[in-house]
Every structure is written in structure tokens, then in C-alpha cells.
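S.K.: Hey, dropping start-v2.cif in here, mmCIF, C-alpha atoms and all ligand atoms:
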data_query
loop_
_atom_site.label_atom_id
_atom_site.label_comp_id
_atom_site.auth_asym_id
_atom_site.auth_seq_id
_atom_site.Cartn_x
_atom_site.Cartn_y
_atom_site.Cartn_z
CA ALA A 1 -25.70 24.01 -56.08
CA SER A 2 -24.62 27.32 -57.58
CA ASP A 3 -26.48 30.57 -56.99
CA ALA A 4 -26.40 31.26 -60.72
CA ALA A 5 -28.23 28.01 -61.53
CA THR A 6 -31.39 28.34 -63.57
CA PRO A 7 -34.32 27.57 -61.32
CA ALA A 8 -36.98 25.10 -62.39
CA ALA A 9 -39.70 26.79 -64.41
CA LYS A 10 -43.07 27.16 -62.72
CA PRO A 11 -46.23 26.79 -64.77
CA HIS A 12 -46.63 30.57 -65.16
CA GLN A 13 -43.05 31.00 -66.37
CA ALA A 14 -41.74 30.67 -69.86
CA ALA A 15 -39.57 27.53 -69.98
CA GLU A 16 -36.58 29.48 -71.29
CA PRO A 17 -33.19 29.67 -69.68
CA LEU A 18 -32.60 32.54 -67.28
CA ALA A 19 -29.97 34.17 -69.48
CA LYS A 20 -32.42 34.44 -72.35
CA ARG A 21 -35.30 35.87 -70.35
CA GLY A 22 -33.12 38.23 -68.34
CA ALA A 23 -33.04 38.26 -64.56
CA ALA A 24 -35.60 40.27 -62.62
CA VAL A 25 -32.89 40.99 -60.07
CA SER A 26 -29.18 40.53 -60.55
CA LEU A 27 -26.40 41.13 -58.04
CA ARG A 28 -22.83 40.90 -59.27
CA GLY A 29 -20.03 40.85 -56.73
CA VAL A 30 -21.89 43.10 -54.31
CA SER A 31 -19.90 44.21 -51.27
CA LYS A 32 -20.88 46.67 -48.59
CA SER A 33 -19.33 47.76 -45.31
CA TYR A 34 -20.52 50.00 -42.52
CA GLY A 35 -17.36 51.74 -41.45
CA ALA A 36 -14.82 48.97 -40.98
CA THR A 37 -17.47 46.24 -40.69
CA PRO A 38 -18.04 44.25 -43.87
CA VAL A 39 -21.72 43.31 -44.12
CA LEU A 40 -22.00 41.94 -47.67
CA ARG A 41 -18.96 40.21 -49.17
CA GLY A 42 -19.08 39.61 -52.88
CA ILE A 43 -22.71 38.51 -53.32
CA HIS A 44 -23.74 37.01 -56.67
CA LEU A 45 -27.44 36.40 -57.08
CA ASP A 46 -29.82 36.12 -60.03
CA VAL A 47 -33.54 35.96 -59.47
CA ALA A 48 -35.69 35.03 -62.46
CA PRO A 49 -38.98 36.75 -63.31
CA GLY A 50 -41.75 35.12 -61.29
CA GLU A 51 -39.33 33.29 -59.05
CA VAL A 52 -39.91 33.12 -55.29
CA VAL A 53 -36.65 33.17 -53.36
CA THR A 54 -36.33 32.98 -49.61
CA LEU A 55 -33.31 34.31 -47.73
CA ILE A 56 -32.50 32.69 -44.43
CA GLY A 57 -29.58 33.19 -42.10
CA PRO A 58 -28.56 34.23 -38.60
CA SER A 59 -29.25 37.67 -37.21
CA GLY A 60 -26.63 40.11 -38.49
CA SER A 61 -25.76 38.02 -41.56
CA GLY A 62 -26.73 40.88 -43.90
CA LYS A 63 -30.23 39.87 -45.04
CA SER A 64 -31.86 43.28 -44.52
CA THR A 65 -28.90 45.09 -46.02
CA LEU A 66 -29.07 42.82 -49.07
CA LEU A 67 -32.76 43.66 -49.57
CA ARG A 68 -32.08 47.35 -49.13
CA THR A 69 -29.41 47.32 -51.82
CA ILE A 70 -31.94 45.86 -54.26
CA ASN A 71 -34.24 48.87 -54.09
CA HIS A 72 -31.30 51.25 -53.77
CA LEU A 73 -32.07 52.32 -50.21
CA GLU A 74 -28.41 51.40 -49.68
CA THR A 75 -25.61 52.04 -52.14
CA VAL A 76 -22.95 49.37 -52.56
CA ASP A 77 -19.18 49.75 -52.24
CA ALA A 78 -18.40 47.31 -55.03
CA GLY A 79 -20.27 45.30 -57.63
CA SER A 80 -23.61 46.07 -59.21
CA VAL A 81 -27.31 45.61 -58.58
CA THR A 82 -29.80 45.67 -61.43
CA VAL A 83 -33.57 45.28 -61.65
CA GLY A 84 -34.84 44.18 -65.03
CA GLY A 85 -31.34 44.86 -66.34
CA GLU A 86 -31.31 48.48 -65.11
CA HIS A 87 -29.54 50.16 -62.22
CA LEU A 88 -32.02 52.04 -60.04
CA GLY A 89 -29.60 54.76 -59.03
CA TYR A 90 -27.28 55.11 -62.01
CA THR A 91 -27.25 55.43 -65.75
CA ARG A 92 -24.49 54.35 -68.09
CA ARG A 93 -22.60 57.03 -70.03
CA GLY A 94 -19.98 55.36 -72.17
CA ASP A 95 -18.25 53.03 -69.75
CA LYS A 96 -19.03 55.18 -66.69
CA LEU A 97 -21.97 54.92 -64.28
CA VAL A 98 -23.41 58.35 -63.54
CA GLU A 99 -25.73 59.01 -60.59
CA LEU A 100 -29.35 59.68 -61.54
CA PRO A 101 -31.27 62.65 -60.17
CA GLU A 102 -33.36 61.97 -57.03
CA ARG A 103 -36.66 62.20 -58.94
CA GLU A 104 -35.60 59.52 -61.39
CA VAL A 105 -34.35 57.28 -58.57
CA LEU A 106 -37.74 57.59 -56.85
CA ARG A 107 -39.49 56.73 -60.10
CA ARG A 108 -37.29 53.69 -60.75
CA ARG A 109 -37.56 52.57 -57.13
CA THR A 110 -41.30 52.02 -57.58
CA ARG A 111 -40.38 48.91 -59.58
CA VAL A 112 -39.31 47.27 -56.33
CA GLY A 113 -41.73 47.10 -53.38
CA LEU A 114 -40.51 46.58 -49.83
CA VAL A 115 -42.61 45.30 -46.95
CA PHE A 116 -41.04 45.83 -43.53
CA GLN A 117 -41.19 43.88 -40.31
CA HIS A 118 -42.84 46.81 -38.52
CA PHE A 119 -45.35 47.71 -41.30
CA ASN A 120 -44.28 51.39 -41.33
CA LEU A 121 -47.77 52.65 -42.16
CA PHE A 122 -48.44 56.38 -41.91
CA PRO A 123 -50.27 56.59 -38.54
CA HIS A 124 -52.29 59.69 -39.46
CA LEU A 125 -53.65 58.19 -42.71
CA THR A 126 -56.45 55.64 -43.17
CA ALA A 127 -55.84 52.24 -44.77
CA LEU A 128 -57.07 53.65 -48.09
CA GLN A 129 -54.96 56.81 -47.84
CA ASN A 130 -51.87 54.78 -46.97
CA ILE A 131 -52.32 52.94 -50.25
CA THR A 132 -53.19 55.93 -52.48
CA MET A 133 -50.38 58.11 -51.12
CA ALA A 134 -47.44 56.98 -53.24
CA PRO A 135 -49.17 56.52 -56.62
CA THR A 136 -50.73 60.00 -56.39
CA ALA A 137 -47.69 61.77 -54.93
CA LEU A 138 -45.54 60.32 -57.72
CA GLY A 139 -48.11 61.42 -60.32
CA LEU A 140 -48.65 57.84 -61.53
CA LEU A 141 -52.41 57.77 -60.90
CA SER A 142 -55.16 60.34 -60.46
CA LYS A 143 -56.84 60.46 -57.04
CA ASP A 144 -59.84 58.55 -58.39
CA GLN A 145 -57.74 55.91 -60.12
CA ALA A 146 -55.66 55.43 -56.99
CA ALA A 147 -58.77 55.08 -54.82
CA THR A 148 -60.27 52.52 -57.19
CA ARG A 149 -57.07 50.49 -57.16
CA ALA A 150 -56.73 50.78 -53.37
CA THR A 151 -60.30 49.61 -52.83
CA ALA A 152 -59.73 46.55 -55.04
CA LEU A 153 -56.47 45.76 -53.23
CA LEU A 154 -58.05 46.10 -49.79
CA GLU A 155 -60.70 43.65 -50.91
CA ARG A 156 -58.03 41.28 -52.16
CA VAL A 157 -56.23 41.25 -48.81
CA GLY A 158 -59.55 40.79 -46.99
CA LEU A 159 -59.85 44.27 -45.54
CA ALA A 160 -62.77 45.80 -47.45
CA GLU A 161 -64.47 46.65 -44.14
CA HIS A 162 -61.43 48.51 -42.86
CA THR A 163 -60.95 50.95 -45.74
CA HIS A 164 -61.39 54.03 -43.56
CA HIS A 165 -59.72 52.76 -40.41
CA PHE A 166 -56.48 54.17 -39.10
CA PRO A 167 -53.50 51.89 -38.33
CA ARG A 168 -54.10 52.12 -34.56
CA GLN A 169 -57.60 50.68 -35.10
CA LEU A 170 -56.18 47.61 -36.87
CA SER A 171 -54.45 44.49 -35.54
CA GLY A 172 -50.82 43.86 -36.47
CA GLY A 173 -51.89 41.29 -39.05
CA GLN A 174 -54.34 43.74 -40.60
CA GLN A 175 -51.73 46.50 -40.65
CA GLN A 176 -49.27 44.23 -42.40
CA ARG A 177 -51.93 43.32 -44.98
CA VAL A 178 -52.47 47.04 -45.63
CA ALA A 179 -48.70 47.40 -46.05
CA ILE A 180 -48.70 44.61 -48.62
CA ALA A 181 -51.63 46.23 -50.47
CA ARG A 182 -49.72 49.51 -50.39
CA ALA A 183 -46.68 47.86 -51.97
CA LEU A 184 -48.85 46.20 -54.63
CA ALA A 185 -50.49 49.52 -55.54
CA LEU A 186 -47.33 50.52 -57.41
CA GLU A 187 -47.47 47.29 -59.43
CA PRO A 188 -43.85 46.39 -58.65
CA GLU A 189 -41.90 43.93 -60.77
CA VAL A 190 -40.24 42.67 -57.62
CA LEU A 191 -41.54 42.56 -54.09
CA LEU A 192 -39.21 42.27 -51.11
CA PHE A 193 -40.39 41.12 -47.69
CA ASP A 194 -38.17 41.68 -44.66
CA GLU A 195 -39.37 39.36 -41.90
CA PRO A 196 -43.00 40.30 -42.56
CA THR A 197 -44.39 38.21 -39.71
CA SER A 198 -41.69 38.60 -37.05
CA ALA A 199 -43.47 41.41 -35.22
CA LEU A 200 -46.83 39.62 -35.11
CA ASP A 201 -48.52 37.64 -32.37
CA PRO A 202 -48.46 33.97 -33.39
CA GLU A 203 -52.20 33.83 -34.09
CA LEU A 204 -51.88 36.64 -36.68
CA VAL A 205 -49.02 35.11 -38.68
CA GLY A 206 -51.25 32.85 -40.79
CA GLU A 207 -53.41 35.61 -42.30
CA VAL A 208 -50.31 37.48 -43.50
CA LEU A 209 -48.67 34.34 -44.92
CA ASP A 210 -51.96 33.63 -46.75
CA VAL A 211 -51.72 37.01 -48.48
CA ILE A 212 -48.05 36.49 -49.40
CA ARG A 213 -48.92 33.02 -50.75
CA GLN A 214 -51.63 34.63 -52.89
CA VAL A 215 -49.16 37.24 -54.22
CA ALA A 216 -46.65 34.46 -54.99
CA ASN A 217 -49.27 32.67 -57.07
CA LEU A 218 -49.84 35.80 -59.18
CA GLY A 219 -46.33 35.44 -60.59
CA THR A 220 -44.71 38.51 -59.01
CA THR A 221 -41.01 38.03 -58.35
CA LEU A 222 -40.58 37.73 -54.60
CA ILE A 223 -37.57 37.82 -52.31
CA ILE A 224 -38.57 36.98 -48.77
CA VAL A 225 -36.51 37.12 -45.60
CA THR A 226 -38.22 34.91 -43.06
CA HIS A 227 -37.69 32.61 -40.11
CA GLU A 228 -40.90 30.74 -40.98
CA ILE A 229 -39.11 27.72 -42.36
CA GLY A 230 -42.30 25.75 -43.04
CA PHE A 231 -43.63 28.61 -45.12
CA ALA A 232 -40.30 28.98 -46.94
CA ARG A 233 -40.37 25.29 -47.80
CA GLU A 234 -43.86 25.60 -49.20
CA VAL A 235 -43.64 28.78 -51.34
CA SER A 236 -39.98 29.00 -52.41
CA ASP A 237 -38.51 27.98 -55.72
CA ARG A 238 -35.15 28.46 -54.06
CA ILE A 239 -33.83 29.07 -50.58
CA ILE A 240 -30.58 30.93 -50.01
CA PHE A 241 -28.58 30.61 -46.82
CA LEU A 242 -26.63 33.73 -45.96
CA ASP A 243 -23.97 33.88 -43.25
CA GLN A 244 -21.56 36.70 -42.44
CA GLY A 245 -22.30 38.46 -45.70
CA HIS A 246 -21.71 35.41 -47.89
CA VAL A 247 -24.12 33.25 -49.85
CA VAL A 248 -23.09 29.98 -48.23
CA GLU A 249 -25.49 27.74 -50.06
CA THR A 250 -28.50 27.87 -52.33
CA GLY A 251 -30.89 25.20 -53.53
CA THR A 252 -34.45 24.02 -53.77
CA PRO A 253 -36.24 23.77 -50.43
CA ASP A 254 -35.63 20.02 -50.45
CA GLN A 255 -31.92 20.41 -51.21
CA LEU A 256 -31.28 23.16 -48.73
CA LEU A 257 -33.47 22.04 -45.85
CA ASN A 258 -33.20 18.25 -46.14
CA HIS A 259 -29.74 17.83 -47.66
CA PRO A 260 -27.64 20.87 -46.79
CA GLU A 261 -24.08 20.53 -48.05
CA HIS A 262 -22.35 22.92 -45.69
CA GLU A 263 -21.75 22.57 -41.99
CA ARG A 264 -22.88 26.14 -41.32
CA THR A 265 -26.16 25.55 -43.16
CA ARG A 266 -26.78 22.30 -41.25
CA ASP A 267 -26.05 24.09 -37.98
CA PHE A 268 -28.43 26.94 -38.70
CA ILE A 269 -31.23 24.69 -39.89
CA SER A 270 -30.97 22.41 -36.89
CA ARG A 271 -31.34 25.48 -34.67
CA VAL A 272 -34.41 26.97 -36.41
CA LEU A 273 -36.36 23.85 -37.37
P1 LIG A 301 -29.81 40.81 -40.78
O1 LIG A 301 -30.97 41.45 -41.44
O2 LIG A 301 -29.37 39.53 -41.41
O3 LIG A 301 -30.03 40.62 -39.28
P2 LIG A 301 -28.48 43.33 -41.28
O4 LIG A 301 -28.36 43.47 -42.74
O5 LIG A 301 -29.55 44.10 -40.61
O6 LIG A 301 -28.55 41.77 -40.90
O7 LIG A 301 -27.12 43.74 -40.58
C1 LIG A 301 -25.88 43.18 -40.90
C2 LIG A 301 -24.81 43.85 -40.07
O8 LIG A 301 -24.69 45.22 -40.45
C3 LIG A 301 -25.09 43.85 -38.58
O9 LIG A 301 -23.87 43.63 -37.92
C4 LIG A 301 -25.61 45.23 -38.30
O10 LIG A 301 -25.29 45.63 -37.00
C5 LIG A 301 -24.86 46.07 -39.32
N1 LIG A 301 -25.64 47.24 -39.78
C6 LIG A 301 -26.83 47.20 -40.40
N2 LIG A 301 -27.26 48.43 -40.72
C7 LIG A 301 -26.30 49.28 -40.27
C8 LIG A 301 -26.14 50.72 -40.31
N3 LIG A 301 -27.06 51.52 -40.89
N4 LIG A 301 -25.02 51.24 -39.75
C9 LIG A 301 -24.09 50.44 -39.20
N5 LIG A 301 -24.18 49.10 -39.13
C10 LIG A 301 -25.26 48.52 -39.67
MG MG A 302 -32.85 41.98 -40.76
#
Spit out the file's structure as C-alpha cells when you get a sec.
Ligand code: ADP
Ligand code: MG

M.R.:
Amino acid sequence: ASDAATPAAKPHQAAEPLAKRGAAVSLRGVSKSYGATPVLRGIHLDVAPGEVVTLIGPSGSGKSTLLRTINHLETVDAGSVTVGGEHLGYTRRGDKLVELPEREVLRRRTRVGLVFQHFNLFPHLTALQNITMAPTALGLLSKDQAATRATALLERVGLAEHTHHFPRQLSGGQQQRVAIARALALEPEVLLFDEPTSALDPELVGEVLDVIRQVANLGTTLIIVTHEIGFAREVSDRIIFLDQGHVVETGTPDQLLNHPEHERTRDFISRVL
């Protein structure tokens, strides 16, 4: 299987080839090192609009770094990253890429939501205020519009009763659902999840996966880093196995989990399943 292969169309997707529709996210030869340590080594990846892709791989293989390059929290040393065909941090002048001003980067970054392992809610703000913060600060919505949207989102993630609670008054699962609602408030084209259930007690994992499942069904493009292999099998159009900064193998859940081609993939799967 090649990582540039056109994924099978889901019912909500136009049955057109990827090249024609344009990729939601495209990485071309992306490399990144921290000091002398290479972390990403020539990554090629196309994710189609509405596609759900899961990234799996050992700790330290570069999964978080890969996600962070997609919303331009990390710059890359070589190659390019585009979202909807556009660089988030650069604009093209002739054949040169010129850095965009901070304000414009912040504006473009709203097209990509990121949900972290540790929720990263603002502790001094209520659930509602956590959600209204970014859209109002960026001048995208009025205070009233933002509150209306936040209220609807809190209802959608099953937290209508917790609108005015602070993070410390919520369970980990509830905090993560607020974080997902917060990401959705900016109506991102692409939503990235970095081990969204790894910090949760086992009994709270299900409620967060339910919300992610619901978001997946809405047709948002999702890239999910997770160790929940059962969940990955169920929601993914494609699973990508990353090791030492390389895409080792990519395929449908059945291909990758039941019939892995590479030794390293087989090894990893036998250890996590
Ligand atoms: P994963 O999410 O797959 O566990 P990461 O992308 O977090 O992997 O990290 C890949 C490698 O890059 C690891 O060896 C990690 O120690 C290193 N690394 C990550 N972030 C930094 C950083 N900001 N500075 C230096 N090294 C980093
Ligand atoms: Mg990580």
C-alpha cells in the first residue's frame, strides 16, 4: 500500500479521485530534526477531505511532531505542509516562500484544530468561556454569537449542565469533551487529536471516544494519534504506522492490523493488541 493511494470514498464524500478534489492535508518530503536528532524523515502524506486517518507507532516515533507541523506549531527543515492547498505560515511570491505575519498565521491556524492529551483548558475560565475565548479574541464572532455556538457545542458533547463549571470541577473525560467543543468552535477543516484518551482513567475513555466518533460522522477531516487500536479499527479509513520518523506502512484497518506487510508493523501490532 502506498501512502499516496486514494482512500475509499465514504458515503458523505464525493466519489472523485483525491487529486481532483484536492487534499485537506498534504505533506511532501517533510523532514525535521531537533538539534542533531532527526525526528521526521521525508514524510509524504495526503489526507482527503472527510477522511479519518489514525497514526500509530512507538513512543518517540514522531507522531506528535508530525501533528504539530500540520498546524504550524512546528516549522519543518525540508519539504512542505499544506492545508487545503495553502501553507499556514508562508505565502508564495514568485518561486519563493515568504513568511506570513504572526496575525495571519494565527488566522490560518484556526483551520486546523488540535486536541491534546492533557486537555490544556484555561483553569481560570468556565467551560463556556474556554470555548468562546478564541473565536472572540480572534474577532471571528461577537460575544453573543460565540456564547450561542458554545452552548450548542456543550449540548452536543453532553455537557449542557456544566456550562458554568471550571475545569477543576469536571472529570478528565468531561474536560476533554470541553476541549473538543473548544476546537470545534472554530469550525476547523481538519481536527487533530494527540492521544486524546491517554491521560484518562479507563472508565472515562468511552465517553470521549463517543464524541470523537460523532465528530467523525459529521465529515470533518480527522487525524488521530491513539493507542486505542480497537477504536482505530472502527473509525479509520486508513491507519498509518510511523516508526523512527518514517511512514513504514499505510492501509485500511484490515490491511494494516490483520495483514501487515512489514516486520516492524507486525512487531508493534503484536505488542499493542
Ligand atoms: P511521539 O509523539 O511519537 O512519542 P514525538 O514527536 O513527541 O514522538 O517525539 C519524537 C522525538 O523527538 C523524541 O525523541 C523526542 O524526544 C524528540 N522531541 C520532541 N519534541 C522535542 C523538542 N521540542 N525538543 C527536542 N526534542 C524533541
Ligand atoms: Mg506524542

S.K.: Using all atoms listed in the file, which protein or nucleic acid residues come within 6 Å of Gly57 of chain A? Drop anything in the same chain fewer than 2 positions from it, and give the result as an mmCIF file with C-alpha atoms, in the frame of the given file.

M.R.:
data_model
loop_
_atom_site.group_PDB
_atom_site.id
_atom_site.type_symbol
_atom_site.label_atom_id
_atom_site.label_comp_id
_atom_site.auth_asym_id
_atom_site.auth_seq_id
_atom_site.Cartn_x
_atom_site.Cartn_y
_atom_site.Cartn_z
ATOM 1 C CA PHE A 241 -28.580 30.610 -46.820
ATOM 2 C CA LEU A 242 -26.630 33.730 -45.960
ATOM 3 C CA ASP A 243 -23.970 33.880 -43.250
#

S.K.: Pick the closest to ligand MG 302 (chain A) from A:Phe231, A:Phe166, A:Phe116, A:Tyr90: which is it, counting only C-alpha atoms and all ligand atoms?

M.R.: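 That would be A:Phe116, the residue with the smallest distance to ligand MG 302 (chain A).
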
S.K.: Neighbours of ligand LIG 301 (chain A) within 12 Å, counting all atoms listed in the file, as a ChimeraX atom specification?

M.R.: /A:31-41,55-69,73-75,116-117,193-195,198,224-227,241-247

S.K.: Would you list the contacts of Arg149 of chain A as a list in words, taking every protein, DNA or RNA residue within 10 Å and counting all atoms listed in the file, but skipping same-chain residues closer than 2 positions in sequence?

M.R.: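 So the residues in contact are Leu128, Ile131, Thr132, Pro135, Leu141, Lys143, Asp144, Gln145, Ala146, Ala147, Thr151, Ala152, Leu153, Leu154, Glu155, Ala181, Leu184, Ala185 and Leu186 of chain A.
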
S.K.: Just C-alpha atoms for this one: save the residues we selected as a PDB file, in the coordinates of the input.

M.R.:
ATOM      1  CA  LEU A 128     -57.070  53.650 -48.090  1.00  0.00           C
ATOM      2  CA  ILE A 131     -52.320  52.940 -50.250  1.00  0.00           C
ATOM      3  CA  THR A 132     -53.190  55.930 -52.480  1.00  0.00           C
ATOM      4  CA  PRO A 135     -49.170  56.520 -56.620  1.00  0.00           C
ATOM      5  CA  LEU A 141     -52.410  57.770 -60.900  1.00  0.00           C
ATOM      6  CA  LYS A 143     -56.840  60.460 -57.040  1.00  0.00           C
ATOM      7  CA  ASP A 144     -59.840  58.550 -58.390  1.00  0.00           C
ATOM      8  CA  GLN A 145     -57.740  55.910 -60.120  1.00  0.00           C
ATOM      9  CA  ALA A 146     -55.660  55.430 -56.990  1.00  0.00           C
ATOM     10  CA  ALA A 147     -58.770  55.080 -54.820  1.00  0.00           C
ATOM     11  CA  THR A 151     -60.300  49.610 -52.830  1.00  0.00           C
ATOM     12  CA  ALA A 152     -59.730  46.550 -55.040  1.00  0.00           C
ATOM     13  CA  LEU A 153     -56.470  45.760 -53.230  1.00  0.00           C
ATOM     14  CA  LEU A 154     -58.050  46.100 -49.790  1.00  0.00           C
ATOM     15  CA  GLU A 155     -60.700  43.650 -50.910  1.00  0.00           C
ATOM     16  CA  ALA A 181     -51.630  46.230 -50.470  1.00  0.00           C
ATOM     17  CA  LEU A 184     -48.850  46.200 -54.630  1.00  0.00           C
ATOM     18  CA  ALA A 185     -50.490  49.520 -55.540  1.00  0.00           C
ATOM     19  CA  LEU A 186     -47.330  50.520 -57.410  1.00  0.00           C
TER      20      LEU A 186
END

S.K.: Which residues are near Asn217 of chain A? Cut-off 10 Å, only C-alpha atoms, ignore same chain within fewer than 2 positions. Put them as a ChimeraX atom specification.

M.R.: /A:12,50,52,211-215,219-221,235

S.K.: Residues as selected, C-alpha atoms, written as a JSON list (two decimals), in the frame of the given file, can you do that?

M.R.:
[["chain", "number", "residue", "atom", "x", "y", "z"],
["A", 12, "HIS", "CA", -46.63, 30.57, -65.16],
["A", 50, "GLY", "CA", -41.75, 35.12, -61.29],
["A", 52, "VAL", "CA", -39.91, 33.12, -55.29],
["A", 211, "VAL", "CA", -51.72, 37.01, -48.48],
["A", 212, "ILE", "CA", -48.05, 36.49, -49.40],
["A", 213, "ARG", "CA", -48.92, 33.02, -50.75],
["A", 214, "GLN", "CA", -51.63, 34.63, -52.89],
["A", 215, "VAL", "CA", -49.16, 37.24, -54.22],
["A", 219, "GLY", "CA", -46.33, 35.44, -60.59],
["A", 220, "THR", "CA", -44.71, 38.51, -59.01],
["A", 221, "THR", "CA", -41.01, 38.03, -58.35],
["A", 235, "VAL", "CA", -43.64, 28.78, -51.34]]

S.K.: I'd like to know which of A:Phe122, A:Ala199, A:Gly42, A:Gly22 is closest to ligand MG 302 (chain A), using only C-alpha atoms and all ligand atoms.

M.R.: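 Distance minimum relative to ligand MG 302 (chain A) lands on A:Ala199.
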